[in-house]
file target.cif (mmCIF, C-alpha atoms)
data_model
loop_
_atom_site.group_PDB
_atom_site.id
_atom_site.type_symbol
_atom_site.label_atom_id
_atom_site.label_comp_id
_atom_site.auth_asym_id
_atom_site.auth_seq_id
_atom_site.Cartn_x
_atom_site.Cartn_y
_atom_site.Cartn_z
ATOM 1 C CA MET A 1 -34.701 4.089 -21.490
ATOM 2 C CA ASN A 2 -32.035 6.067 -19.637
ATOM 3 C CA GLN A 3 -31.139 5.574 -16.000
ATOM 4 C CA ILE A 4 -33.393 7.504 -13.604
ATOM 5 C CA LEU A 5 -32.555 8.172 -9.956
ATOM 6 C CA LYS A 6 -35.438 9.362 -7.782
ATOM 7 C CA PRO A 7 -34.945 10.191 -4.074
ATOM 8 C CA SER A 8 -37.718 9.178 -1.663
ATOM 9 C CA PHE A 9 -38.445 7.891 1.868
ATOM 10 C CA ASP A 10 -39.453 4.433 3.083
ATOM 11 C CA LYS A 11 -42.419 5.103 5.383
ATOM 12 C CA ASN A 12 -42.223 1.552 6.768
ATOM 13 C CA ASP A 13 -38.629 1.929 7.979
ATOM 14 C CA TYR A 14 -37.930 4.548 10.634
ATOM 15 C CA ILE A 15 -36.213 5.311 13.921
ATOM 16 C CA GLU A 16 -37.033 7.905 16.572
ATOM 17 C CA CYS A 17 -34.919 10.933 17.428
ATOM 18 C CA GLU A 18 -33.346 10.211 20.800
ATOM 19 C CA TYR A 19 -33.921 13.843 21.817
ATOM 20 C CA CYS A 20 -37.466 14.733 20.651
ATOM 21 C CA LYS A 21 -38.809 11.286 19.590
ATOM 22 C CA LYS A 22 -39.711 12.489 16.098
ATOM 23 C CA LYS A 23 -39.990 9.725 13.494
ATOM 24 C CA LEU A 24 -37.015 9.711 11.112
ATOM 25 C CA TYR A 25 -37.603 7.734 7.919
ATOM 26 C CA ARG A 26 -35.083 5.799 5.851
ATOM 27 C CA LYS A 27 -33.904 7.746 2.787
ATOM 28 C CA THR A 28 -33.949 5.777 -0.449
ATOM 29 C CA ILE A 29 -33.206 6.189 -4.125
ATOM 30 C CA GLU A 30 -35.339 4.497 -6.747
ATOM 31 C CA TRP A 31 -33.227 3.303 -9.636
ATOM 32 C CA GLN A 32 -34.872 2.546 -12.967
ATOM 33 C CA LEU A 33 -33.073 1.237 -16.019
ATOM 34 C CA TYR A 34 -34.749 -0.303 -19.052
ATOM 35 C CA GLY A 35 -37.941 -0.895 -17.104
ATOM 36 C CA ASN A 36 -36.239 -2.590 -14.146
ATOM 37 C CA LYS A 37 -36.772 -0.914 -10.789
ATOM 38 C CA LYS A 38 -34.417 -1.177 -7.807
ATOM 39 C CA VAL A 39 -34.414 0.660 -4.493
ATOM 40 C CA LEU A 40 -31.158 1.672 -2.838
ATOM 41 C CA ALA A 41 -31.457 2.128 0.943
ATOM 42 C CA LEU A 42 -29.499 5.062 2.395
ATOM 43 C CA ASP A 43 -29.193 6.543 5.909
ATOM 44 C CA TYR A 44 -32.106 7.712 8.022
ATOM 45 C CA GLU A 45 -33.044 11.366 7.713
ATOM 46 C CA ARG A 46 -31.678 13.713 10.328
ATOM 47 C CA CYS A 47 -33.859 15.432 12.880
ATOM 48 C CA ASN A 48 -33.868 19.233 12.864
ATOM 49 C CA CYS A 49 -34.470 19.718 16.579
ATOM 50 C CA LYS A 50 -31.902 21.854 18.410
ATOM 51 C CA LYS A 51 -30.119 19.015 20.245
ATOM 52 C CA ALA A 52 -30.031 16.828 17.137
ATOM 53 C CA LYS A 53 -28.557 19.675 15.071
ATOM 54 C CA LEU A 54 -25.836 20.180 17.690
ATOM 55 C CA TYR A 55 -25.047 16.456 17.686
ATOM 56 C CA TRP A 56 -24.859 16.234 13.894
ATOM 57 C CA ASN A 57 -22.671 19.348 13.633
ATOM 58 C CA GLU A 58 -20.151 17.763 16.014
ATOM 59 C CA TYR A 59 -20.439 14.434 14.189
ATOM 60 C CA ASP A 60 -19.774 16.018 10.785
ATOM 61 C CA LEU A 61 -16.741 17.906 12.096
ATOM 62 C CA LYS A 62 -15.244 14.719 13.549
ATOM 63 C CA LYS A 63 -15.995 12.811 10.329
ATOM 64 C CA LEU A 64 -14.437 15.567 8.232
ATOM 65 C CA LYS A 65 -11.325 15.587 10.434
ATOM 66 C CA MET A 66 -11.055 11.798 10.229
ATOM 67 C CA LEU A 67 -11.385 11.870 6.418
ATOM 68 C CA GLU A 68 -8.736 14.597 6.223
ATOM 69 C CA GLU A 69 -6.367 12.555 8.371
ATOM 70 C CA GLU A 70 -7.001 9.500 6.183
ATOM 71 C CA ARG A 71 -6.327 11.617 3.083
ATOM 72 C CA LYS A 72 -3.056 12.915 4.541
ATOM 73 C CA LEU A 73 -2.001 9.393 5.526
ATOM 74 C CA LYS A 74 -2.732 8.155 2.000
ATOM 75 C CA LEU A 75 -0.737 11.048 0.520
ATOM 76 C CA MET A 76 2.166 10.295 2.870
ATOM 77 C CA GLN A 77 2.113 6.618 1.883
ATOM 78 C CA GLU A 78 1.993 7.503 -1.807
ATOM 79 C CA PHE A 79 4.849 9.987 -1.327
ATOM 80 C CA ALA A 80 6.926 7.380 0.531
ATOM 81 C CA GLN A 81 6.361 4.926 -2.324
ATOM 82 C CA LYS A 82 7.373 7.640 -4.799
ATOM 83 C CA VAL A 83 10.595 8.356 -2.871
ATOM 84 C CA ASP A 84 11.391 4.624 -2.694
ATOM 85 C CA LYS A 85 10.952 4.406 -6.464
ATOM 86 C CA ILE A 86 13.161 7.479 -7.004
ATOM 87 C CA ILE A 87 15.885 5.965 -4.818
ATOM 88 C CA LYS A 88 15.697 2.705 -6.763
ATOM 89 C CA ASN A 89 15.922 4.515 -10.102
ATOM 90 C CA SER A 90 18.612 6.991 -8.968
ATOM 91 C CA LYS A 91 21.405 4.360 -9.246
ATOM 92 C CA MET A 92 22.921 5.707 -6.024
ATOM 93 C CA SER A 93 24.901 3.307 -3.831
ATOM 94 C CA LYS A 94 24.334 2.862 -0.084
ATOM 95 C CA ARG A 95 27.379 5.054 0.567
ATOM 96 C CA SER A 96 26.063 7.779 -1.759
ATOM 97 C CA LEU A 97 22.631 7.681 -0.125
ATOM 98 C CA ASN A 98 24.312 8.260 3.240
ATOM 99 C CA TYR A 99 26.016 11.478 2.113
ATOM 100 C CA LYS A 100 23.984 14.334 3.613
ATOM 101 C CA PHE A 101 24.582 17.985 4.436
ATOM 102 C CA GLU A 102 24.104 17.010 8.089
ATOM 103 C CA ASN A 103 27.126 14.687 8.125
ATOM 104 C CA PHE A 104 29.462 16.772 5.954
ATOM 105 C CA GLU A 105 32.601 17.890 7.797
ATOM 106 C CA VAL A 106 32.446 21.694 7.749
ATOM 107 C CA ASN A 107 35.572 23.763 8.456
ATOM 108 C CA SER A 108 36.880 27.278 7.842
ATOM 109 C CA ASN A 109 38.068 26.321 4.337
ATOM 110 C CA ASN A 110 34.787 24.911 3.010
ATOM 111 C CA LYS A 111 32.171 26.679 5.141
ATOM 112 C CA LYS A 112 31.247 29.241 2.474
ATOM 113 C CA VAL A 113 30.955 26.628 -0.297
ATOM 114 C CA TYR A 114 28.965 24.319 1.981
ATOM 115 C CA GLN A 115 26.407 27.042 2.752
ATOM 116 C CA SER A 116 26.103 28.150 -0.882
ATOM 117 C CA LEU A 117 25.411 24.569 -2.020
ATOM 118 C CA LYS A 118 22.905 24.057 0.802
ATOM 119 C CA ASP A 119 21.129 27.222 -0.350
ATOM 120 C CA TYR A 120 21.305 25.973 -3.930
ATOM 121 C CA SER A 121 19.511 22.722 -3.011
ATOM 122 C CA GLU A 122 16.756 24.700 -1.252
ATOM 123 C CA ARG A 123 16.269 26.885 -4.319
ATOM 124 C CA PHE A 124 16.126 23.772 -6.509
ATOM 125 C CA VAL A 125 13.483 22.133 -4.312
ATOM 126 C CA ASN A 126 11.452 25.364 -4.372
ATOM 127 C CA LEU A 127 11.676 25.477 -8.211
ATOM 128 C CA GLU A 128 13.730 28.671 -8.040
ATOM 129 C CA GLU A 129 16.912 27.210 -9.583
ATOM 130 C CA ARG A 130 17.450 25.562 -12.967
ATOM 131 C CA LYS A 131 21.219 25.882 -13.513
ATOM 132 C CA GLY A 132 23.590 23.041 -12.751
ATOM 133 C CA LEU A 133 26.932 22.875 -10.966
ATOM 134 C CA ILE A 134 30.519 22.004 -11.792
ATOM 135 C CA LEU A 135 32.277 21.122 -8.531
ATOM 136 C CA THR A 136 36.064 21.153 -8.923
ATOM 137 C CA GLY A 137 38.855 20.459 -6.461
ATOM 138 C CA ASN A 138 41.528 17.995 -5.488
ATOM 139 C CA ASN A 139 40.915 14.458 -4.252
ATOM 140 C CA GLY A 140 39.161 14.115 -0.901
ATOM 141 C CA VAL A 141 37.809 17.673 -0.556
ATOM 142 C CA GLY A 142 34.171 16.492 -0.470
ATOM 143 C CA LYS A 143 32.969 17.063 -4.040
ATOM 144 C CA THR A 144 31.084 13.763 -4.205
ATOM 145 C CA HIS A 145 29.706 14.171 -0.674
ATOM 146 C CA LEU A 146 28.301 17.605 -1.502
ATOM 147 C CA ALA A 147 26.902 16.525 -4.888
ATOM 148 C CA CYS A 148 25.180 13.555 -3.241
ATOM 149 C CA SER A 149 23.916 15.791 -0.422
ATOM 150 C CA ILE A 150 22.107 17.892 -3.018
ATOM 151 C CA ALA A 151 20.798 14.770 -4.771
ATOM 152 C CA ASN A 152 19.542 13.292 -1.487
ATOM 153 C CA GLU A 153 17.826 16.546 -0.570
ATOM 154 C CA LEU A 154 15.977 16.426 -3.889
ATOM 155 C CA ILE A 155 15.063 12.751 -3.421
ATOM 156 C CA LYS A 156 13.706 13.551 0.050
ATOM 157 C CA ASN A 157 11.400 16.084 -1.607
ATOM 158 C CA GLY A 158 10.216 13.681 -4.302
ATOM 159 C CA ILE A 159 12.372 15.015 -7.149
ATOM 160 C CA PRO A 160 13.805 12.317 -9.469
ATOM 161 C CA ILE A 161 17.577 12.201 -10.020
ATOM 162 C CA ILE A 162 20.063 9.879 -11.706
ATOM 163 C CA TYR A 163 23.592 9.567 -10.353
ATOM 164 C CA GLY A 164 26.748 7.807 -11.526
ATOM 165 C CA THR A 165 30.225 8.051 -12.974
ATOM 166 C CA LEU A 166 30.333 8.464 -16.738
ATOM 167 C CA ILE A 167 31.610 4.914 -17.155
ATOM 168 C CA ASN A 168 28.767 3.466 -15.060
ATOM 169 C CA LEU A 169 26.143 5.506 -16.898
ATOM 170 C CA LEU A 170 27.527 4.384 -20.250
ATOM 171 C CA ALA A 171 27.634 0.779 -19.022
ATOM 172 C CA GLU A 172 23.851 0.968 -18.591
ATOM 173 C CA LEU A 173 23.602 1.807 -22.278
ATOM 174 C CA LYS A 174 25.871 -1.077 -23.295
ATOM 175 C CA ASN A 175 23.797 -3.507 -21.232
ATOM 176 C CA THR A 176 20.845 -2.803 -23.527
ATOM 177 C CA TYR A 177 22.708 -4.588 -26.331
ATOM 178 C CA ASP A 178 22.142 -7.943 -24.611
ATOM 179 C CA ASN A 179 19.533 -9.959 -26.486
ATOM 180 C CA ASP A 180 17.541 -10.727 -23.332
ATOM 181 C CA ASN A 181 17.371 -7.080 -22.207
ATOM 182 C CA ASN A 182 13.836 -5.672 -22.422
ATOM 183 C CA ILE A 183 14.845 -1.990 -22.475
ATOM 184 C CA SER A 184 16.430 -0.174 -25.401
ATOM 185 C CA GLU A 185 19.429 2.154 -25.546
ATOM 186 C CA MET A 186 17.151 4.998 -26.633
ATOM 187 C CA GLU A 187 14.931 4.499 -23.588
ATOM 188 C CA ILE A 188 17.945 4.785 -21.254
ATOM 189 C CA ILE A 189 19.222 7.871 -23.094
ATOM 190 C CA LYS A 190 15.777 9.463 -22.766
ATOM 191 C CA LEU A 191 15.898 8.861 -19.012
ATOM 192 C CA TYR A 192 19.289 10.591 -18.837
ATOM 193 C CA GLU A 193 17.989 13.431 -21.003
ATOM 194 C CA LYS A 194 14.695 14.022 -19.177
ATOM 195 C CA VAL A 195 15.364 13.301 -15.470
ATOM 196 C CA ASP A 196 15.049 16.382 -13.243
ATOM 197 C CA LEU A 197 18.717 16.221 -12.216
ATOM 198 C CA LEU A 198 21.606 14.230 -13.694
ATOM 199 C CA VAL A 199 24.728 13.887 -11.521
ATOM 200 C CA ILE A 200 27.966 12.758 -13.229
ATOM 201 C CA ASP A 201 30.600 12.045 -10.611
ATOM 202 C CA ASP A 202 34.378 12.212 -11.142
ATOM 203 C CA LEU A 203 34.244 13.281 -14.793
ATOM 204 C CA GLY A 204 37.664 12.819 -16.398
ATOM 205 C CA LYS A 205 38.825 10.029 -14.099
ATOM 206 C CA GLU A 206 38.369 7.494 -16.899
ATOM 207 C CA LYS A 207 38.796 8.137 -20.607
ATOM 208 C CA PRO A 208 35.649 7.335 -22.588
ATOM 209 C CA SER A 209 35.657 5.835 -26.069
ATOM 210 C CA GLU A 210 34.567 7.706 -29.184
ATOM 211 C CA TRP A 211 31.220 5.949 -28.784
ATOM 212 C CA GLY A 212 31.029 7.153 -25.170
ATOM 213 C CA LEU A 213 31.790 10.755 -26.142
ATOM 214 C CA GLU A 214 29.093 10.629 -28.801
ATOM 215 C CA LYS A 215 26.524 9.447 -26.241
ATOM 216 C CA LEU A 216 27.681 12.021 -23.686
ATOM 217 C CA PHE A 217 27.287 14.814 -26.241
ATOM 218 C CA THR A 218 23.769 13.601 -27.115
ATOM 219 C CA ILE A 219 22.739 13.631 -23.434
ATOM 220 C CA ILE A 220 24.365 16.952 -22.491
ATOM 221 C CA ASN A 221 23.160 18.719 -25.628
ATOM 222 C CA SER A 222 19.577 17.570 -25.014
ATOM 223 C CA ARG A 223 19.663 18.793 -21.420
ATOM 224 C CA TYR A 224 21.273 22.050 -22.584
ATOM 225 C CA GLU A 225 18.514 22.641 -25.156
ATOM 226 C CA ASN A 226 15.775 21.819 -22.630
ATOM 227 C CA ASN A 227 17.282 23.856 -19.781
ATOM 228 C CA LEU A 228 17.686 20.838 -17.506
ATOM 229 C CA PRO A 229 20.486 20.900 -14.909
ATOM 230 C CA VAL A 230 23.550 18.703 -14.550
ATOM 231 C CA ILE A 231 25.879 18.422 -11.576
ATOM 232 C CA ILE A 232 29.456 17.494 -12.458
ATOM 233 C CA THR A 233 32.253 16.683 -10.034
ATOM 234 C CA THR A 234 35.806 16.648 -11.392
ATOM 235 C CA ASN A 235 39.452 17.075 -10.414
ATOM 236 C CA TYR A 236 40.138 19.013 -13.620
ATOM 237 C CA ASP A 237 39.737 22.618 -14.743
ATOM 238 C CA GLN A 238 38.164 23.434 -18.106
ATOM 239 C CA ASN A 239 41.241 23.066 -20.316
ATOM 240 C CA SER A 240 42.580 20.036 -18.471
ATOM 241 C CA LEU A 241 39.192 18.330 -18.771
ATOM 242 C CA ILE A 242 39.162 18.914 -22.539
ATOM 243 C CA ASN A 243 42.617 17.352 -22.850
ATOM 244 C CA ARG A 244 41.688 14.507 -20.529
ATOM 245 C CA LEU A 245 38.569 13.496 -22.480
ATOM 246 C CA SER A 246 40.031 14.001 -25.965
ATOM 247 C CA ILE A 247 40.804 10.911 -28.047
ATOM 248 C CA ASN A 248 43.568 10.747 -30.646
ATOM 249 C CA GLY A 249 43.836 14.530 -30.732
ATOM 250 C CA GLU A 250 40.183 14.958 -31.745
ATOM 251 C CA ILE A 251 38.874 17.660 -29.418
ATOM 252 C CA GLU A 252 35.904 19.246 -31.210
ATOM 253 C CA THR A 253 33.261 16.965 -29.656
ATOM 254 C CA VAL A 254 34.865 17.340 -26.230
ATOM 255 C CA LYS A 255 35.043 21.138 -26.566
ATOM 256 C CA SER A 256 31.351 21.214 -27.510
ATOM 257 C CA ILE A 257 30.462 19.151 -24.417
ATOM 258 C CA ILE A 258 32.577 21.178 -21.996
ATOM 259 C CA SER A 259 31.471 24.498 -23.507
ATOM 260 C CA ARG A 260 27.829 23.618 -22.918
ATOM 261 C CA LEU A 261 28.502 22.395 -19.388
ATOM 262 C CA TYR A 262 30.269 25.613 -18.438
ATOM 263 C CA GLU A 263 27.417 27.669 -19.870
ATOM 264 C CA MET A 264 24.650 25.715 -18.132
ATOM 265 C CA CYS A 265 26.408 25.343 -14.747
ATOM 266 C CA TYR A 266 27.799 27.437 -11.920
ATOM 267 C CA LEU A 267 31.504 26.769 -11.364
ATOM 268 C CA VAL A 268 32.254 25.983 -7.711
ATOM 269 C CA LYS A 269 35.870 25.510 -6.626
ATOM 270 C CA ILE A 270 36.441 23.654 -3.353
ATOM 271 C CA ASN A 271 39.784 24.423 -1.714
ATOM 272 C CA ASP A 272 40.495 22.131 1.214
ATOM 273 C CA ILE A 273 42.750 19.316 2.413
ATOM 274 C CA ASP A 274 42.231 15.671 1.479
ATOM 275 C CA HIS A 275 39.847 14.486 4.216
ATOM 276 C CA ARG A 276 40.330 10.822 3.332
ATOM 277 C CA ILE A 277 44.066 11.068 4.048
ATOM 278 C CA LYS A 278 43.360 13.079 7.200
ATOM 279 C CA LYS A 279 40.949 10.404 8.494
ATOM 280 C CA LYS A 280 43.464 7.663 7.667
ATOM 281 C CA LYS A 281 46.197 9.466 9.643
ATOM 282 C CA VAL A 282 43.880 9.969 12.611
ATOM 283 C CA SER A 283 42.880 6.296 12.477
ATOM 284 C CA ASN A 284 46.505 5.148 12.354
ATOM 285 C CA CYS A 285 47.424 7.406 15.244
ATOM 286 C CA THR A 286 44.492 6.116 17.299
ATOM 287 C CA ASN A 287 45.530 2.518 16.685
ATOM 288 C CA ASN A 288 49.279 2.971 17.115
ATOM 289 C CA CYS A 289 49.930 6.019 19.287
#
call {"tool": "encode", "arguments": {"input": "target.cif", "output": "C-alpha cells"}}
result
Amino acid sequence: MNQILKPSFDKNDYIECEYCKKKLYRKTIEWQLYGNKKVLALDYERCNCKKAKLYWNEYDLKKLKMLEEERKLKLMQEFAQKVDKIIKNSKMSKRSLNYKFENFEVNSNNKKVYQSLKDYSERFVNLEERKGLILTGNNGVGKTHLACSIANELIKNGIPIIYGTLINLLAELKNTYDNDNNISEMEIIKLYEKVDLLVIDDLGKEKPSEWGLEKLFTIINSRYENNLPVIITTNYDQNSLINRLSINGEIETVKSIISRLYEMCYLVKINDIDHRIKKKKVSNCTNNC
C-alpha cells in the first residue's frame, strides 16, 4: 500500500478567535502506510473575520520578511566561506592580498593605465571580458600591484584565481612527486588550466628547465584553446622574453608559448619611475635629513 496523506480537523482540539470567539480547530494530516495510521498535528485553522484577516496579513508579511533576511544572511555566510576558500586556493601571499586599487599610488605617468585596468577588472567581474593581460615595464612601476589588484577584485566577487611566479607554480607540480602527497601532477595542471584567472608574476625573472617549459606550454595552450584568460607581468618585451626563456638555443616551444600569450592578451606598457627606490630615498631622507 502506498503512502496516503489526508488533511482533516481534530474536533476535540480547538482555540477561540480572540476577536470574534469563533472556534478554530487543530488542522491534522492522517498518514497511512502499509496499514499503519498516524496523525500529524499542525497549526490551528485561521479565522476569516475581518480583524483576524488583518492580523494574519501583517503576521505573514513579517514572517516573509524574516525568512528573506535569514535567506540573505545564509547566502552572505556561504559567500564569505566561498571567498575564504578562494583566498586559500589562490596561493597569494599576505602582501599580495593587500595590493588593491585603493592603495595603488596613482600619478600623471600611470593614471591612464590605472583607470584602464580598473575598468578591465569591472568588465571581468560582469562577465564582459575574457581576454588576458601582459603587463610590461621596468622594476618597481607597479606591475605586480596592479595584477594583484585585479585578482583581489575578482576574489572579492567570488571568482576563483591562482597566482604565483612561474617557479612557484612549477614547484607545486614537483611537490606531487613526493610519495606521501595525495594529489597528482595532473590534478594540479588541471587546476591551472581550468581556474577562472591564472596570474603568472615576473615571467622571465628565472629561467625554467625544459621540463618547466613543457608544463608551461601545456597550461597556456589549454587556456588558449578554452578561451580562458591569463595575466602576465614581466620586465621583458616579446623578443627579449623569447630569448630569456629559451634553453640551449631551442626557441620553438618558447615562441609557441609567447605567440599564444600575445594573441590571448592585451599588451599594457607601464611607463613610470621605480617606486621602490623612490620610497627608499624618502625613507632615508626622513631618517637622516
call {"tool": "residues_around", "arguments": {"input": "target.cif", "residues": "Asp202 in chain A", "least_positions_apart": "2", "cutoff": "8 Å", "atoms": "only C-alpha atoms", "output": "number ranges by chain"}}
result
A: 144, 165-166, 200, 204-205, 232-235
call {"tool": "atom_distance", "arguments": {"input": "target.cif", "atom1": "CA of Leu198 in chain A", "atom2": "CA of Ile162 in chain A"}}
result
5.0 Å
call {"tool": "closest_atom_pairs", "arguments": {"input": "target.cif", "of": "range 104-214 of chain A", "to": "range 77-90 of chain A", "cutoff": "9 Å", "atoms": "only C-alpha atoms", "output": "tab-separated table"}}
result
residue	atom	partner	partner_atom	distance
A:Asn152	CA	A:Ile87	CA	8.8
A:Ile155	CA	A:Val83	CA	6.3
A:Lys156	CA	A:Val83	CA	6.7
A:Asn157	CA	A:Val83	CA	7.9
A:Gly158	CA	A:Val83	CA	5.5
A:Ile159	CA	A:Ile86	CA	7.6
A:Pro160	CA	A:Ile86	CA	5.5
A:Ile161	CA	A:Ser90	CA	5.4
A:Ile162	CA	A:Ser90	CA	4.2
A:Tyr163	CA	A:Ser90	CA	5.8
A:Gly164	CA	A:Ser90	CA	8.6
call {"tool": "write_last_selection", "arguments": {"input": "target.cif", "atoms": "C-alpha atoms", "output": "compact mmCIF listing (two decimals), in the frame of the given file"}}
result
# COMPACT_ATOMS: atom_id res chain seq x y z
CA ASN A 152 19.54 13.29 -1.49
CA ILE A 155 15.06 12.75 -3.42
CA LYS A 156 13.71 13.55 0.05
CA ASN A 157 11.40 16.08 -1.61
CA GLY A 158 10.22 13.68 -4.30
CA ILE A 159 12.37 15.02 -7.15
CA PRO A 160 13.80 12.32 -9.47
CA ILE A 161 17.58 12.20 -10.02
CA ILE A 162 20.06 9.88 -11.71
CA TYR A 163 23.59 9.57 -10.35
CA GLY A 164 26.75 7.81 -11.53
call {"tool": "resolve_selection", "arguments": {"input": "target.cif", "expression": "the PyMOL selection byres ((chain A and resi 167) around 9)", "output": "ChimeraX atom specification"}}
result
/A:164-166,168-172,206-208,212
call {"tool": "atom_distance", "arguments": {"input": "target.cif", "atom1": "CA of Tyr14 in chain A", "atom2": "CA of Lys65 in chain A"}}
result
28.8 Å
call {"tool": "atom_distance", "arguments": {"input": "target.cif", "atom1": "CA of Cys20 in chain A", "atom2": "CA of Lys53 in chain A"}}
result
11.6 Å
call {"tool": "residues_around", "arguments": {"input": "target.cif", "residues": "Lys11 in chain A", "least_positions_apart": "5", "cutoff": "12 Å", "atoms": "all atoms listed in the file", "output": "MDAnalysis selection string"}}
result
chainID A and resid 23:28 44:45
call {"tool": "write_last_selection", "arguments": {"input": "target.cif", "atoms": "C-alpha atoms", "output": "tab-separated table (two decimals), in the coordinates of the input"}}
result
chain	number	residue	atom	x	y	z
A	23	LYS	CA	-39.99	9.72	13.49
A	24	LEU	CA	-37.02	9.71	11.11
A	25	TYR	CA	-37.60	7.73	7.92
A	26	ARG	CA	-35.08	5.80	5.85
A	27	LYS	CA	-33.90	7.75	2.79
A	28	THR	CA	-33.95	5.78	-0.45
A	44	TYR	CA	-32.11	7.71	8.02
A	45	GLU	CA	-33.04	11.37	7.71
call {"tool": "axis_aligned_box", "arguments": {"input": "target.cif", "around": "range 48-57 of chain A", "padding_each_side": "3 Å", "output": "AutoDock Vina command-line options"}}
result
--center_x -28.6 --center_y 19.0 --center_z 16.6 --size_x 17.8 --size_y 11.6 --size_z 13.4
call {"tool": "closest_residue", "arguments": {"input": "target.cif", "among": "A:Glu214, A:Glu187, A:Asp272, A:Asp43", "to": "Tyr114 in chain A", "atoms": "only C-alpha atoms"}}
result
A:Asp272
call {"tool": "closest_atom_pairs", "arguments": {"input": "target.cif", "of": "range 66-178 of chain A", "to": "range 237-261 of chain A", "cutoff": "9 Å", "atoms": "all atoms listed in the file", "output": "Markdown table"}}
result
| residue | atom | partner | partner_atom | distance |
| --- | --- | --- | --- | --- |
| A:Gly132 | CA | A:Leu261 | CA | 8.3 |
| A:Leu133 | CA | A:Leu261 | CA | 8.6 |
| A:Ile134 | CA | A:Leu261 | CA | 7.9 |
| A:Thr136 | CA | A:Asp237 | CA | 7.0 |
| A:Gly137 | CA | A:Asp237 | CA | 8.6 |
call {"tool": "closest_residue", "arguments": {"input": "target.cif", "among": "A:Asn57, A:Ser96, A:Ser8, A:Asn221", "to": "Leu146 in chain A", "atoms": "all atoms listed in the file"}}
result
A:Ser96
call {"tool": "residues_around", "arguments": {"input": "target.cif", "residues": "range 222-227 of chain A", "least_positions_apart": "4", "cutoff": "10 Å", "atoms": "only C-alpha atoms", "output": "PyMOL selection string"}}
result
chain A and resi 130-132+189-190+192-198+216-218+257+260-261+263-265
call {"tool": "resolve_selection", "arguments": {"input": "target.cif", "expression": "the PyMOL selection byres ((chain A and resi 121) around 10)", "output": "MDAnalysis selection string"}}
result
chainID A and resid 115:120 122:129 147 149:154
call {"tool": "closest_residue", "arguments": {"input": "target.cif", "among": "A:Tyr177, A:Tyr59, A:Tyr266, A:Phe9", "to": "Leu40 in chain A", "atoms": "all atoms listed in the file"}}
result
A:Phe9
call {"tool": "closest_residue", "arguments": {"input": "target.cif", "among": "A:Asp201, A:Leu135, A:Tyr55, A:Glu16", "to": "Leu267 in chain A", "atoms": "all atoms listed in the file"}}
result
A:Leu135
